[in-house]
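Engineer: My file is target.cif. It has mmCIF, C-alpha atoms:
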data_start
loop_
_atom_site.label_atom_id
_atom_site.label_comp_id
_atom_site.auth_asym_id
_atom_site.auth_seq_id
_atom_site.Cartn_x
_atom_site.Cartn_y
_atom_site.Cartn_z
CA MET A 1 -15.25 134.95 -0.67
CA THR A 2 -14.41 131.32 -0.19
CA GLU A 3 -11.19 130.99 1.70
CA GLN A 4 -8.57 129.14 -0.23
CA GLY A 5 -5.01 128.31 0.54
CA SER A 6 -2.15 127.67 -1.81
CA LYS A 7 -0.83 124.14 -2.07
CA TYR A 8 2.10 125.29 0.02
CA ASP A 9 -0.10 126.39 2.88
CA GLN A 10 -2.17 123.24 2.70
CA LEU A 11 1.02 121.24 2.92
CA PHE A 12 2.70 123.15 5.73
CA TYR A 13 -0.27 124.56 7.61
CA PRO A 14 -2.88 121.80 7.28
CA TYR A 15 -4.60 122.88 10.50
CA LEU A 16 -5.75 126.06 8.77
CA PHE A 17 -7.90 124.02 6.44
CA GLU A 18 -9.58 121.79 8.97
CA GLY A 19 -13.17 122.39 9.95
CA GLU A 20 -14.17 125.87 11.11
CA LYS A 21 -10.77 127.12 12.26
CA THR A 22 -10.73 130.16 10.04
CA SER A 23 -11.52 132.88 12.53
CA ARG A 24 -8.90 135.61 13.01
CA GLU A 25 -8.12 134.28 16.46
CA ALA A 26 -7.58 130.75 15.16
CA VAL A 27 -5.15 131.93 12.49
CA ILE A 28 -3.34 134.19 14.99
CA ASP A 29 -2.99 131.21 17.30
CA GLN A 30 -1.52 129.02 14.58
CA VAL A 31 0.84 131.75 13.40
CA ARG A 32 2.09 132.17 16.97
CA HIS A 33 2.70 128.42 17.07
CA SER A 34 4.59 128.55 13.75
CA THR A 35 6.71 131.44 15.03
CA LEU A 36 7.91 129.34 17.96
CA GLU A 37 8.58 126.37 15.68
CA LYS A 38 10.72 128.51 13.39
CA CYS A 39 12.66 129.82 16.39
CA HIS A 40 13.38 126.28 17.54
CA GLU A 41 14.48 125.37 14.01
CA ILE A 42 17.09 128.13 13.82
CA VAL A 43 18.42 127.46 17.32
CA ALA A 44 18.85 123.77 16.48
CA LEU A 45 20.42 124.55 13.10
CA ARG A 46 22.97 126.94 14.62
CA GLN A 47 23.89 124.33 17.23
CA GLN A 48 24.38 121.70 14.55
CA LEU A 49 26.36 124.04 12.28
CA PHE A 50 28.76 125.07 15.02
CA GLN A 51 29.15 121.46 16.16
CA ASP A 52 29.76 120.06 12.66
CA ALA A 53 31.74 122.96 11.19
CA GLY A 54 33.29 124.60 14.25
CA GLU A 55 36.82 123.48 13.39
CA LEU A 56 36.32 124.55 9.79
CA ILE A 57 35.14 128.02 10.85
CA ILE A 58 38.24 128.36 13.03
CA ALA A 59 40.54 127.18 10.22
CA ALA A 60 38.92 129.57 7.73
CA GLY A 61 39.17 132.42 10.23
CA GLN A 62 42.86 131.69 10.76
CA ALA A 63 43.55 131.71 7.01
CA MET A 64 41.58 134.93 6.55
CA ALA A 65 43.38 136.61 9.48
CA ARG A 66 46.74 135.68 7.93
CA ALA A 67 45.60 137.16 4.60
CA PHE A 68 44.40 140.40 6.21
CA ALA A 69 47.68 140.63 8.14
CA SER A 70 49.46 140.53 4.76
CA GLY A 71 47.29 143.31 3.32
CA ALA A 72 44.40 141.41 1.74
CA THR A 73 41.17 143.01 0.57
CA LEU A 74 38.04 140.86 0.95
CA PHE A 75 35.49 140.63 -1.88
CA ALA A 76 32.04 139.32 -0.95
CA PHE A 77 29.18 138.36 -3.24
CA GLY A 78 25.86 136.54 -3.31
CA ASN A 79 22.43 136.62 -4.96
CA GLY A 80 19.18 137.93 -3.49
CA GLY A 81 19.10 137.81 0.30
CA SER A 82 22.67 136.50 0.23
CA THR A 83 23.67 139.76 -1.49
CA THR A 84 22.57 141.65 1.59
CA ASP A 85 24.53 139.25 3.79
CA ALA A 86 27.62 139.86 1.63
CA GLN A 87 27.10 143.62 2.02
CA ASP A 88 26.60 143.16 5.76
CA LEU A 89 29.86 141.22 6.10
CA VAL A 90 31.64 143.99 4.20
CA THR A 91 30.30 146.87 6.26
CA GLU A 92 31.14 144.99 9.48
CA LEU A 93 34.74 144.75 8.23
CA ILE A 94 35.08 148.35 7.04
CA HIS A 95 33.02 149.91 9.83
CA PRO A 96 33.19 147.41 12.72
CA PRO A 97 30.36 147.15 15.26
CA TYR A 98 32.79 147.23 18.22
CA ALA A 99 35.27 150.02 18.97
CA HIS A 100 38.08 147.55 19.70
CA TRP A 101 37.83 145.88 16.28
CA ARG A 102 40.11 147.24 13.58
CA PRO A 103 38.63 148.34 10.25
CA LEU A 104 39.62 145.97 7.45
CA PRO A 105 39.45 146.48 3.68
CA ALA A 106 36.46 144.85 1.99
CA VAL A 107 34.27 145.39 -1.07
CA ALA A 108 30.81 144.00 -1.82
CA LEU A 109 30.59 143.11 -5.49
CA THR A 110 26.87 143.86 -5.58
CA ASN A 111 27.05 147.54 -4.64
CA ASP A 112 27.77 148.95 -8.07
CA ILE A 113 24.59 148.55 -10.09
CA ALA A 114 26.23 150.14 -13.13
CA VAL A 115 28.85 147.39 -13.24
CA ILE A 116 26.32 144.61 -12.51
CA THR A 117 23.96 145.68 -15.29
CA ALA A 118 26.80 146.37 -17.73
CA ILE A 119 28.27 142.89 -17.33
CA GLY A 120 24.86 141.23 -17.12
CA ASN A 121 23.73 142.88 -20.32
CA ASP A 122 26.94 142.58 -22.34
CA VAL A 123 28.29 139.22 -21.19
CA GLY A 124 25.73 137.41 -19.02
CA PHE A 125 24.52 137.12 -15.46
CA ALA A 126 26.89 134.21 -14.78
CA SER A 127 29.85 136.60 -15.15
CA ILE A 128 28.73 139.55 -12.99
CA PHE A 129 31.14 138.70 -10.16
CA THR A 130 33.85 136.98 -12.25
CA ARG A 131 34.48 140.08 -14.33
CA GLN A 132 34.81 142.26 -11.24
CA LEU A 133 37.29 139.85 -9.65
CA ILE A 134 39.38 139.92 -12.83
CA ALA A 135 39.47 143.71 -12.54
CA LEU A 136 39.87 144.04 -8.76
CA GLY A 137 41.32 140.83 -7.34
CA GLN A 138 45.00 140.53 -6.43
CA PRO A 139 46.89 137.41 -5.32
CA GLY A 140 46.53 137.05 -1.57
CA ASP A 141 43.10 138.73 -1.47
CA ILE A 142 40.03 136.92 -0.13
CA ALA A 143 36.87 135.94 -2.04
CA VAL A 144 33.75 135.07 -0.02
CA GLY A 145 30.84 133.62 -2.00
CA ILE A 146 27.48 133.18 -0.28
CA SER A 147 24.92 130.79 -1.76
CA THR A 148 22.10 128.96 -0.01
CA SER A 149 22.21 126.07 -2.50
CA GLY A 150 25.92 126.01 -3.29
CA ASN A 151 24.96 125.73 -6.94
CA SER A 152 24.60 129.34 -8.13
CA THR A 153 26.48 129.56 -11.43
CA ASN A 154 27.76 133.11 -10.93
CA ILE A 155 29.09 132.27 -7.43
CA LEU A 156 30.77 129.05 -8.58
CA GLN A 157 32.33 130.76 -11.59
CA ALA A 158 33.63 133.64 -9.42
CA ILE A 159 35.15 131.27 -6.86
CA GLU A 160 36.90 129.38 -9.67
CA GLN A 161 38.22 132.64 -11.14
CA ALA A 162 39.37 133.81 -7.71
CA LYS A 163 41.31 130.59 -7.20
CA LYS A 164 43.00 131.00 -10.60
CA GLN A 165 44.15 134.46 -9.56
CA GLY A 166 45.57 133.26 -6.25
CA LEU A 167 42.88 134.49 -3.89
CA LEU A 168 41.87 132.64 -0.72
CA THR A 169 38.38 131.29 -1.43
CA VAL A 170 35.68 130.87 1.20
CA ALA A 171 32.13 129.70 0.52
CA LEU A 172 29.03 129.75 2.70
CA SER A 173 26.50 127.18 1.55
CA GLY A 174 23.35 125.34 2.59
CA TYR A 175 21.48 122.08 1.94
CA ASP A 176 24.25 119.44 1.43
CA GLY A 177 26.79 122.06 0.35
CA GLY A 178 26.09 121.72 -3.38
CA LYS A 179 28.67 121.98 -6.17
CA ILE A 180 30.67 124.68 -4.42
CA ALA A 181 31.42 122.37 -1.47
CA HIS A 182 33.07 119.87 -3.82
CA SER A 183 34.83 122.30 -6.15
CA PRO A 184 38.64 122.09 -5.99
CA ALA A 185 38.59 125.90 -6.26
CA THR A 186 36.97 126.26 -2.83
CA ASP A 187 39.47 126.43 0.06
CA PHE A 188 36.83 126.44 2.81
CA CYS A 189 33.12 125.69 2.52
CA ILE A 190 30.95 126.24 5.59
CA THR A 191 27.57 124.58 5.07
CA ALA A 192 24.41 125.20 7.08
CA PRO A 193 22.74 121.77 6.85
CA SER A 194 19.12 122.74 6.19
CA ASP A 195 16.77 122.80 3.21
CA HIS A 196 14.89 125.93 4.23
CA ILE A 197 16.45 129.07 2.73
CA PRO A 198 15.50 131.62 5.47
CA ARG A 199 16.99 129.39 8.19
CA ILE A 200 20.13 128.75 6.07
CA GLN A 201 20.69 132.50 5.74
CA GLU A 202 20.19 133.08 9.47
CA ALA A 203 22.70 130.34 10.32
CA GLN A 204 25.15 131.71 7.74
CA ALA A 205 24.92 135.12 9.43
CA SER A 206 25.99 133.51 12.71
CA ALA A 207 28.82 131.74 10.87
CA TYR A 208 30.29 134.89 9.32
CA HIS A 209 29.80 136.81 12.55
CA ALA A 210 31.87 134.08 14.26
CA LEU A 211 34.47 134.35 11.47
CA LEU A 212 34.74 138.09 12.15
CA ALA A 213 35.21 137.49 15.89
CA ILE A 214 37.99 134.97 15.18
CA ILE A 215 39.74 137.21 12.63
CA GLN A 216 39.65 140.21 14.96
CA ALA A 217 40.87 138.20 17.96
CA LEU A 218 43.81 136.85 15.94
CA LEU A 219 44.74 140.27 14.55
CA ALA A 220 44.60 141.78 18.04
CA ALA A 221 46.90 139.09 19.51
CA PRO A 222 50.57 140.05 19.90
CA MET B 1 49.84 134.37 23.46
CA ALA B 2 47.51 131.64 22.21
CA VAL B 3 44.02 132.91 21.46
CA ASP B 4 41.28 130.56 22.69
CA LEU B 5 39.38 130.31 19.42
CA PRO B 6 36.94 127.54 20.46
CA ALA B 7 35.91 129.78 23.37
CA ILE B 8 35.24 132.70 21.01
CA LEU B 9 33.17 130.38 18.80
CA GLY B 10 31.29 129.03 21.81
CA ALA B 11 30.51 132.52 23.07
CA ARG B 12 29.05 133.53 19.72
CA LEU B 13 26.96 130.35 19.51
CA ALA B 14 25.65 130.89 23.04
CA GLN B 15 24.40 134.38 22.16
CA SER B 16 23.08 133.27 18.77
CA THR B 17 20.88 130.61 20.40
CA THR B 18 19.79 131.87 23.84
CA ILE B 19 18.74 135.36 22.71
CA PRO B 20 16.40 134.18 19.90
CA GLU B 21 14.91 131.59 22.27
CA THR B 22 14.13 134.28 24.89
CA PHE B 23 12.93 136.81 22.33
CA PHE B 24 10.58 134.62 20.32
CA THR B 25 9.12 132.93 23.39
CA ALA B 26 8.16 136.35 24.76
CA GLN B 27 7.06 137.95 21.48
CA ALA B 28 5.32 135.19 19.49
CA GLY B 29 1.87 136.65 20.18
CA GLN B 30 2.84 140.17 19.11
CA ILE B 31 4.60 138.79 16.03
CA ALA B 32 1.39 137.02 15.00
CA GLU B 33 -0.58 140.27 15.48
CA ALA B 34 2.00 142.17 13.42
CA CYS B 35 1.71 139.60 10.60
CA TRP B 36 -2.04 140.15 10.56
CA SER B 37 -1.68 143.94 10.52
CA MET B 38 0.90 143.80 7.72
CA ALA B 39 -1.22 141.38 5.70
CA ARG B 40 -4.18 143.77 6.02
CA ARG B 41 -2.10 146.63 4.66
CA PHE B 42 -0.85 144.56 1.72
CA HIS B 43 -4.45 143.49 1.09
CA GLN B 44 -5.40 147.18 0.87
CA GLY B 45 -2.69 147.76 -1.73
CA GLY B 46 -0.05 148.97 0.71
CA ARG B 47 3.68 148.52 0.25
CA LEU B 48 6.48 147.84 2.71
CA LEU B 49 9.07 150.62 3.05
CA ALA B 50 12.13 149.48 5.02
CA PHE B 51 15.12 151.44 6.33
CA GLY B 52 18.00 151.31 8.77
CA ASN B 53 21.59 152.48 9.22
CA GLY B 54 24.87 150.65 8.61
CA SER B 55 24.49 146.88 8.83
CA TRP B 56 20.74 147.35 9.14
CA ALA B 57 20.61 148.96 5.71
CA THR B 58 21.35 145.48 4.39
CA ASP B 59 18.50 144.10 6.49
CA ALA B 60 16.13 146.66 4.98
CA GLN B 61 17.19 145.37 1.56
CA HIS B 62 16.92 141.76 2.72
CA VAL B 63 13.33 142.01 4.00
CA SER B 64 12.41 143.90 0.85
CA VAL B 65 13.71 141.24 -1.54
CA GLU B 66 11.90 138.52 0.43
CA PHE B 67 8.54 140.17 -0.24
CA VAL B 68 9.20 141.18 -3.85
CA HIS B 69 10.69 137.87 -4.95
CA PRO B 70 9.69 135.12 -2.50
CA VAL B 71 12.17 132.25 -2.32
CA ILE B 72 9.29 129.83 -1.79
CA VAL B 73 7.91 128.95 -5.20
CA GLY B 74 4.23 129.80 -5.50
CA LYS B 75 4.17 132.65 -2.99
CA ARG B 76 2.86 135.85 -4.53
CA ALA B 77 5.10 138.86 -5.00
CA LEU B 78 4.22 141.65 -2.57
CA PRO B 79 5.41 145.25 -2.98
CA ALA B 80 8.38 146.35 -0.88
CA LEU B 81 11.11 148.97 -1.21
CA ALA B 82 14.32 149.51 0.75
CA LEU B 83 14.99 153.21 1.22
CA THR B 84 18.71 152.45 1.52
CA ASN B 85 19.26 151.45 -2.11
CA ASP B 86 19.28 154.91 -3.62
CA SER B 87 22.81 156.16 -3.00
CA ALA B 88 22.27 159.23 -5.17
CA THR B 89 19.32 160.42 -3.09
CA LEU B 90 20.90 159.44 0.22
CA SER B 91 24.19 161.20 -0.48
CA GLY B 92 22.36 164.18 -1.92
CA MET B 93 20.28 164.56 1.20
CA LEU B 94 23.30 163.93 3.44
CA PHE B 95 25.12 166.80 1.75
CA ASP B 96 22.06 169.04 1.94
CA THR B 97 22.46 170.02 5.58
CA ALA B 98 20.10 172.97 5.26
CA ARG B 99 17.23 170.69 6.21
CA GLU B 100 17.31 169.11 9.62
CA GLU B 101 15.00 166.24 8.70
CA GLY B 102 16.95 163.06 7.92
CA ALA B 103 16.95 161.40 4.51
CA PHE B 104 14.62 158.54 5.46
CA ALA B 105 11.92 160.93 6.70
CA ARG B 106 12.23 162.96 3.52
CA GLN B 107 11.96 159.83 1.37
CA ILE B 108 8.86 158.80 3.34
CA GLY B 109 7.45 162.27 2.72
CA VAL B 110 7.80 161.87 -1.05
CA LEU B 111 7.18 158.14 -1.53
CA ALA B 112 4.79 156.91 1.16
CA ARG B 113 1.06 156.40 0.81
CA PRO B 114 -1.24 156.13 3.84
CA GLN B 115 -1.92 152.41 3.35
CA ASP B 116 1.80 151.53 3.33
CA ILE B 117 3.90 149.87 6.04
CA ALA B 118 7.08 151.44 7.48
CA MET B 119 9.69 149.13 9.01
CA GLY B 120 12.57 150.87 10.75
CA PHE B 121 15.63 149.18 12.25
CA SER B 122 17.71 150.60 15.09
CA PRO B 123 20.06 148.57 17.33
CA ASP B 124 19.21 150.59 20.44
CA GLY B 125 15.91 152.18 19.42
CA ASN B 126 17.49 155.62 19.42
CA CYS B 127 18.55 156.20 15.80
CA ALA B 128 17.27 159.74 15.25
CA ASN B 129 16.86 159.48 11.49
CA VAL B 130 15.01 156.15 11.71
CA ASN B 131 12.67 157.42 14.42
CA ALA B 132 12.02 160.66 12.53
CA ALA B 133 11.00 158.61 9.49
CA LEU B 134 8.73 156.36 11.57
CA ARG B 135 7.15 159.42 13.18
CA LYS B 136 6.48 160.93 9.77
CA ALA B 137 5.15 157.59 8.53
CA ARG B 138 2.73 157.25 11.46
CA HIS B 139 1.58 160.83 10.93
CA THR B 140 0.87 159.99 7.27
CA GLY B 141 -1.20 156.97 8.32
CA LEU B 142 1.25 154.15 7.69
CA LEU B 143 1.45 151.02 9.85
CA THR B 144 4.73 151.39 11.72
CA LEU B 145 7.08 148.72 13.04
CA GLY B 146 10.28 149.35 14.97
CA LEU B 147 12.87 146.56 15.24
CA CYS B 148 15.48 147.31 17.87
CA GLY B 149 17.53 145.90 20.74
CA GLY B 150 19.02 146.79 24.09
CA MET B 151 16.39 148.42 26.29
CA GLY B 152 14.43 149.63 23.27
CA GLY B 153 15.28 153.28 23.82
CA ILE B 154 13.00 155.90 22.32
CA MET B 155 11.23 153.30 20.18
CA ALA B 156 10.08 151.27 23.19
CA SER B 157 8.69 154.35 24.93
CA HIS B 158 6.70 155.45 21.88
CA VAL B 159 4.47 152.46 21.19
CA ARG B 160 0.74 152.94 20.69
CA PRO B 161 -1.36 152.22 23.77
CA GLU B 162 -2.33 148.59 24.26
CA GLY B 163 -5.61 147.73 22.61
CA ALA B 164 -5.81 150.82 20.42
CA VAL B 165 -6.69 149.59 16.94
CA ASP B 166 -6.03 152.95 15.34
CA LEU B 167 -3.72 155.40 16.98
CA PRO B 168 -5.72 158.43 18.08
CA ALA B 169 -4.50 161.57 16.34
CA ALA B 170 -4.35 163.20 19.77
CA ASN B 171 -1.60 160.84 20.85
CA GLU B 172 1.19 162.56 18.97
CA GLN B 173 3.90 160.98 21.06
CA ALA B 174 3.40 157.34 20.16
CA PHE B 175 4.66 156.63 16.65
CA LEU B 176 4.93 152.83 16.63
CA ASP B 177 2.20 150.27 16.16
CA TYR B 178 4.63 147.46 16.94
CA CYS B 179 7.99 147.55 18.67
CA PHE B 180 10.18 144.44 18.84
CA VAL B 181 13.06 144.73 21.30
CA VAL B 182 15.71 141.99 21.12
CA PRO B 183 16.94 141.63 24.71
CA SER B 184 20.67 141.97 24.01
CA THR B 185 23.21 144.75 23.70
CA ASP B 186 25.40 142.81 21.28
CA PRO B 187 24.88 144.32 17.81
CA LEU B 188 25.63 141.08 15.95
CA THR B 189 23.14 139.10 18.03
CA ILE B 190 20.47 141.78 17.69
CA GLN B 191 20.93 141.72 13.94
CA GLU B 192 20.80 137.92 13.66
CA THR B 193 17.59 137.87 15.69
CA HIS B 194 16.13 140.62 13.50
CA GLU B 195 16.91 138.48 10.46
CA THR B 196 14.87 135.59 11.85
CA LEU B 197 12.14 138.03 12.90
CA TYR B 198 11.63 139.55 9.47
CA HIS B 199 11.87 136.15 7.82
CA VAL B 200 9.11 134.96 10.14
CA LEU B 201 7.01 138.09 9.49
CA TRP B 202 7.41 137.53 5.77
CA GLU B 203 6.72 133.77 5.88
CA LEU B 204 3.64 134.17 8.06
CA VAL B 205 2.12 137.26 6.40
CA HIS B 206 1.45 134.84 3.55
CA VAL B 207 -0.57 132.56 5.83
CA PHE B 208 -2.99 135.40 6.53
CA PHE B 209 -2.94 136.46 2.92
CA GLU B 210 -4.24 133.06 1.95
CA HIS B 211 -7.21 133.64 4.28
CA GLU B 212 -8.51 136.89 2.90
CA GLY B 213 -11.65 136.62 4.98
CA VAL B 214 -9.77 137.47 8.17
CA LEU B 215 -8.14 140.54 6.61
CA ARG B 216 -11.29 142.64 6.36
#
Let me see the file written as structure tokens.
Structural biologist:
Amino acid sequence: MTEQGSKYDQLFYPYLFEGEKTSREAVIDQVRHSTLEKCHEIVALRQQLFQDAGELIIAAGQAMARAFASGATLFAFGNGGSTTDAQDLVTELIHPPYAHWRPLPAVALTNDIAVITAIGNDVGFASIFTRQLIALGQPGDIAVGISTSGNSTNILQAIEQAKKQGLLTVALSGYDGGKIAHSPATDFCITAPSDHIPRIQEAQASAYHALLAIIQALLAAP
Amino acid sequence: MAVDLPAILGARLAQSTTIPETFFTAQAGQIAEACWSMARRFHQGGRLLAFGNGSWATDAQHVSVEFVHPVIVGKRALPALALTNDSATLSGMLFDTAREEGAFARQIGVLARPQDIAMGFSPDGNCANVNAALRKARHTGLLTLGLCGGMGGIMASHVRPEGAVDLPAANEQAFLDYCFVVPSTDPLTIQETHETLYHVLWELVHVFFEHEGVLR
């Protein structure tokens, strides 16, 4: 079979299509090279994120700690891979990874597939989180929306609804922050400045892990 | 009284950058080999079955969605399932204490086919239910990958012998084809590094998949 690459591979891995470099060893060598490049990308992105948004992460953590101290429940939501990050944030609050961290109330709005499909089918996918916030959200609670583009309609709509109901609203975004970064409904938007979705998600994970460390340190302080 | 928040932030950033740098520098060659092995299994019609406990359940779901619905337009959908999504089965098996075998191993027993790939997560390499599932998977003929941290625990001491293309049936002890140990004991750092690792595995499996000649 003639070896063919997609346009994507030809664009990003041009060396795979030059001359005779199609032996297993040649591809292994190039994949190893790409692995190291991707590692350097995420290290650089995390450094830039913490440098640009460090003060914002601290301010968001302070606001969230105040809300938890007053009895807030956190609601987290995202689409696709960001769903799993929302669920990860929630389980790290409810069932903390360190013994000295206190369990805090949190709910992932993507865990109940009955609710998601009911709202998606009856109303529309844009409302899957909004409807749940209307049912569950109380003033003083926290809404955390995770989007790599900052433009996901269901995330934007949910953040706007949360603000209307008096929740603290926190967004994690990527690229240039997107619509959510500029929405008046967003109290804090932490943006990982990259245009590659896997790296954005990895940097966002570091950001919410740092948020957790700040919240827990503040709640533990006398 | 004042909490030094910039110091907390700085400590997290330090771990989130130095550990990946150390890990990927050491493991890039093995990662490339693992991409090739995974691509071969997909080429044979295999599926990825992923599982882990707690936070790592979300990573099992994350790696699964990357393969099924690639974020990069034009990449083909590859079959993957997270064993952590089925709360009815998991809670049913948790309640059914009559059987010692953990839920993941039992799911592997029912769902897995020999050409599949099993990816198990464990922060210290010692999660009994994850290792039991990987053992069962290897016994069934699956390609097995363990993603862990710390010293690697039981996972790190049960990797197939170097150079063995197929694990000899006689070697019952080794149940992993690949074991990736993130050199940290901090669970959050281990998890962040795993996220980059499975993103890289997913991104680069596709490179091999576009060169079907090297998958035979």
Engineer: Quick one, how far is atom CA of Gly92 of chain B from atom CA of Pro187 of chain B?
Structural biologist: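 Distance between the two atoms: 28.1 Å.
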Engineer: Go through B:Arg216, B:Leu145, B:Asp96, B:Gly152 one by one, measure the shortest atom-to-atom distance of each to Ile31 of chain B using all atoms listed in the file, and give the residue with the smallest value.
Structural biologist: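 Closest residue, counting all atoms listed in the file: B:Leu145.
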Engineer: Need the shell around Thr83 of chain A: protein/DNA/RNA residues with any atom at most 9 Å away, counting all atoms listed in the file. Skip same-chain ones fewer than 3 positions apart. Format as a list of chain:residue names?
Structural biologist: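 Once the nearby chain positions are removed, what remains is A:Ala76, A:Phe77, A:Gly78, A:Asn79, A:Gly80, A:Ala86, A:Gln87, A:Asp88, A:Ala108, A:Leu109, A:Thr110, A:Ile146, B:Thr58, B:His62.
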Engineer: Applying the PyMOL selection byres ((chain A and resi 47-58) around 7) to the file I just gave you, which residues come out? Please list them as an MDAnalysis selection string.
Structural biologist: (chainID A and resid 43:46 59:62 190 192:193 211 214) or (chainID B and resid 5)
Engineer: Ranking B:Ile108, B:Leu188, B:Val65, B:Ala50 by minimum distance to Tyr208 of chain A and counting all atoms listed in the file, which one comes first?
Structural biologist: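 Ranked by minimum distance to Tyr208 of chain A, first place goes to B:Leu188.
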Engineer: Atom CA of Glu160 of chain A and atom CA of Ala185 of chain A are how many Å apart?
Structural biologist: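 Answer for the atom CA of Glu160 of chain A to atom CA of Ala185 of chain A separation: 5.2 Å.
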Engineer: Between B:Glu33, B:Asp4, B:Asp86, B:Asp124, which one has atoms that come closest to Val181 of chain B, using only C-alpha atoms?
Structural biologist: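 Nearest candidate to Val181 of chain B out of B:Glu33, B:Asp4, B:Asp86, B:Asp124: B:Asp124.
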Engineer: For a test of reading the model, state the distance in Å between atom CA of Ala57 of chain B and atom CA of Glu21 of chain B, rounded to one decimal.
Structural biologist: 24.7 Å
Engineer: Assuming the chain letters and numbering stay as they are in my file, what does the PyMOL selection byres ((chain B) within 7 of (chain A)) actually select? List them as a VMD selection string.
Structural biologist: chain B and resid 1 3 5 8 to 9 12 16 to 17 20 to 21 24 to 25 28 to 29 32 to 33 55 58 to 59 61 to 62 65 187 to 188 192 195 to 196 199 to 200 204 207 210 to 214
Engineer: Just the residues within 8 Å of Val159 of chain B, please, counting all atoms listed in the file, with nothing from its chain fewer than 2 positions along; format it as a ChimeraX atom specification.
Structural biologist: /B:155-157,161,174-179
Engineer: Put those residues in a file: C-alpha atoms, as a PDB file, keeping the file's coordinate frame.
Structural biologist:
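And here is the file that came out, out-v2.pdb:
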ATOM      1  CA  MET B 155      11.230 153.300  20.180  1.00  0.00           C
ATOM      2  CA  ALA B 156      10.080 151.270  23.190  1.00  0.00           C
ATOM      3  CA  SER B 157       8.690 154.350  24.930  1.00  0.00           C
ATOM      4  CA  PRO B 161      -1.360 152.220  23.770  1.00  0.00           C
ATOM      5  CA  ALA B 174       3.400 157.340  20.160  1.00  0.00           C
ATOM      6  CA  PHE B 175       4.660 156.630  16.650  1.00  0.00           C
ATOM      7  CA  LEU B 176       4.930 152.830  16.630  1.00  0.00           C
ATOM      8  CA  ASP B 177       2.200 150.270  16.160  1.00  0.00           C
ATOM      9  CA  TYR B 178       4.630 147.460  16.940  1.00  0.00           C
ATOM     10  CA  CYS B 179       7.990 147.550  18.670  1.00  0.00           C
TER      11      CYS B 179
END
Engineer: Tell me which protein, DNA and RNA residues are within 10 Å of Asn131 of chain B, counting all atoms listed in the file, leaving out same-chain ones fewer than 3 positions away, and put them as a list in words.
Structural biologist: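 After dropping sequence-adjacent residues, the list is Gly52, Gly102, Phe104, Ala105, Gly120, Phe121, Ser122, Gly125, Asn126, Cys127, Ala128, Leu134, Arg135, Lys136, Ala137, Gly146, Ile154, Met155, His158, Phe175 and Leu176 of chain B.
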Engineer: Taking into account all atoms listed in the file, which residue in the set A:Phe68, A:Asn154, A:Thr191, A:Gln161 is nearest to Val123 of chain A?
Structural biologist: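 Looking at the shortest contact to Val123 of chain A, the residue is A:Asn154.
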Engineer: Report as a ChimeraX atom specification the residues that result from applying the PyMOL selection byres ((chain A and resi 138) around 10) to the structure here.
Structural biologist: /A:72-73,133-137,139-142,162,165-167
Engineer: Would you be able to write out as a list in words which residues have an atom within 12 Å of (18.1, 167.5, 3.6) in the file's coordinates, counting all atoms listed in the file?
Structural biologist: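 Every residue inside that radius is included here: Thr89, Leu90, Ser91, Gly92, Met93, Leu94, Phe95, Asp96, Thr97, Ala98, Arg99, Glu100, Glu101, Gly102, Ala103, Phe104, Ala105, Arg106, Gln107, Gly109 and Asn129 of chain B.
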Engineer: Measuring between only C-alpha atoms, which one of B:Pro79, B:Gly46, B:Gly10, B:Gly74 shows the shortest distance to Leu143 of chain B?
Structural biologist: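 Ranking B:Pro79, B:Gly46, B:Gly10, B:Gly74 by distance to Leu143 of chain B, first place goes to B:Gly46.
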Engineer: Find the spatial neighbours of segment 111-117 of chain B, counting only C-alpha atoms, within a cut-off of 8 Å - ignore same-chain residues fewer than 4 positions away - and output them as number ranges by chain.
Structural biologist: B: 38, 41-42, 44-49, 107, 137, 140-145
Engineer: Using the incomplete input, complete segment 85-92 of chain A to the level of N, CA and C atoms; output as a JSON list (two decimals), keeping the file's coordinate frame.
Structural biologist:
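So rebuild.json came out as:
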[["chain", "number", "residue", "atom", "x", "y", "z"],
["A", 85, "ASP", "N", 23.61, 139.80, 2.79],
["A", 85, "ASP", "CA", 24.53, 139.25, 3.79],
["A", 85, "ASP", "C", 25.98, 139.56, 3.40],
["A", 86, "ALA", "N", 26.28, 139.51, 2.10],
["A", 86, "ALA", "CA", 27.62, 139.86, 1.63],
["A", 86, "ALA", "C", 27.91, 141.33, 1.96],
["A", 87, "GLN", "N", 26.93, 142.20, 1.72],
["A", 87, "GLN", "CA", 27.10, 143.62, 2.02],
["A", 87, "GLN", "C", 27.24, 143.85, 3.53],
["A", 88, "ASP", "N", 26.52, 143.05, 4.30],
["A", 88, "ASP", "CA", 26.60, 143.16, 5.76],
["A", 88, "ASP", "C", 27.99, 142.77, 6.25],
["A", 89, "LEU", "N", 28.51, 141.66, 5.74],
["A", 89, "LEU", "CA", 29.86, 141.22, 6.10],
["A", 89, "LEU", "C", 30.87, 142.33, 5.79],
["A", 90, "VAL", "N", 30.70, 142.94, 4.62],
["A", 90, "VAL", "CA", 31.64, 143.99, 4.20],
["A", 90, "VAL", "C", 31.58, 145.21, 5.11],
["A", 91, "THR", "N", 30.39, 145.67, 5.43],
["A", 91, "THR", "CA", 30.30, 146.87, 6.26],
["A", 91, "THR", "C", 30.79, 146.58, 7.67],
["A", 92, "GLU", "N", 30.63, 145.34, 8.14],
["A", 92, "GLU", "CA", 31.14, 144.99, 9.48],
["A", 92, "GLU", "C", 32.67, 144.90, 9.49]]
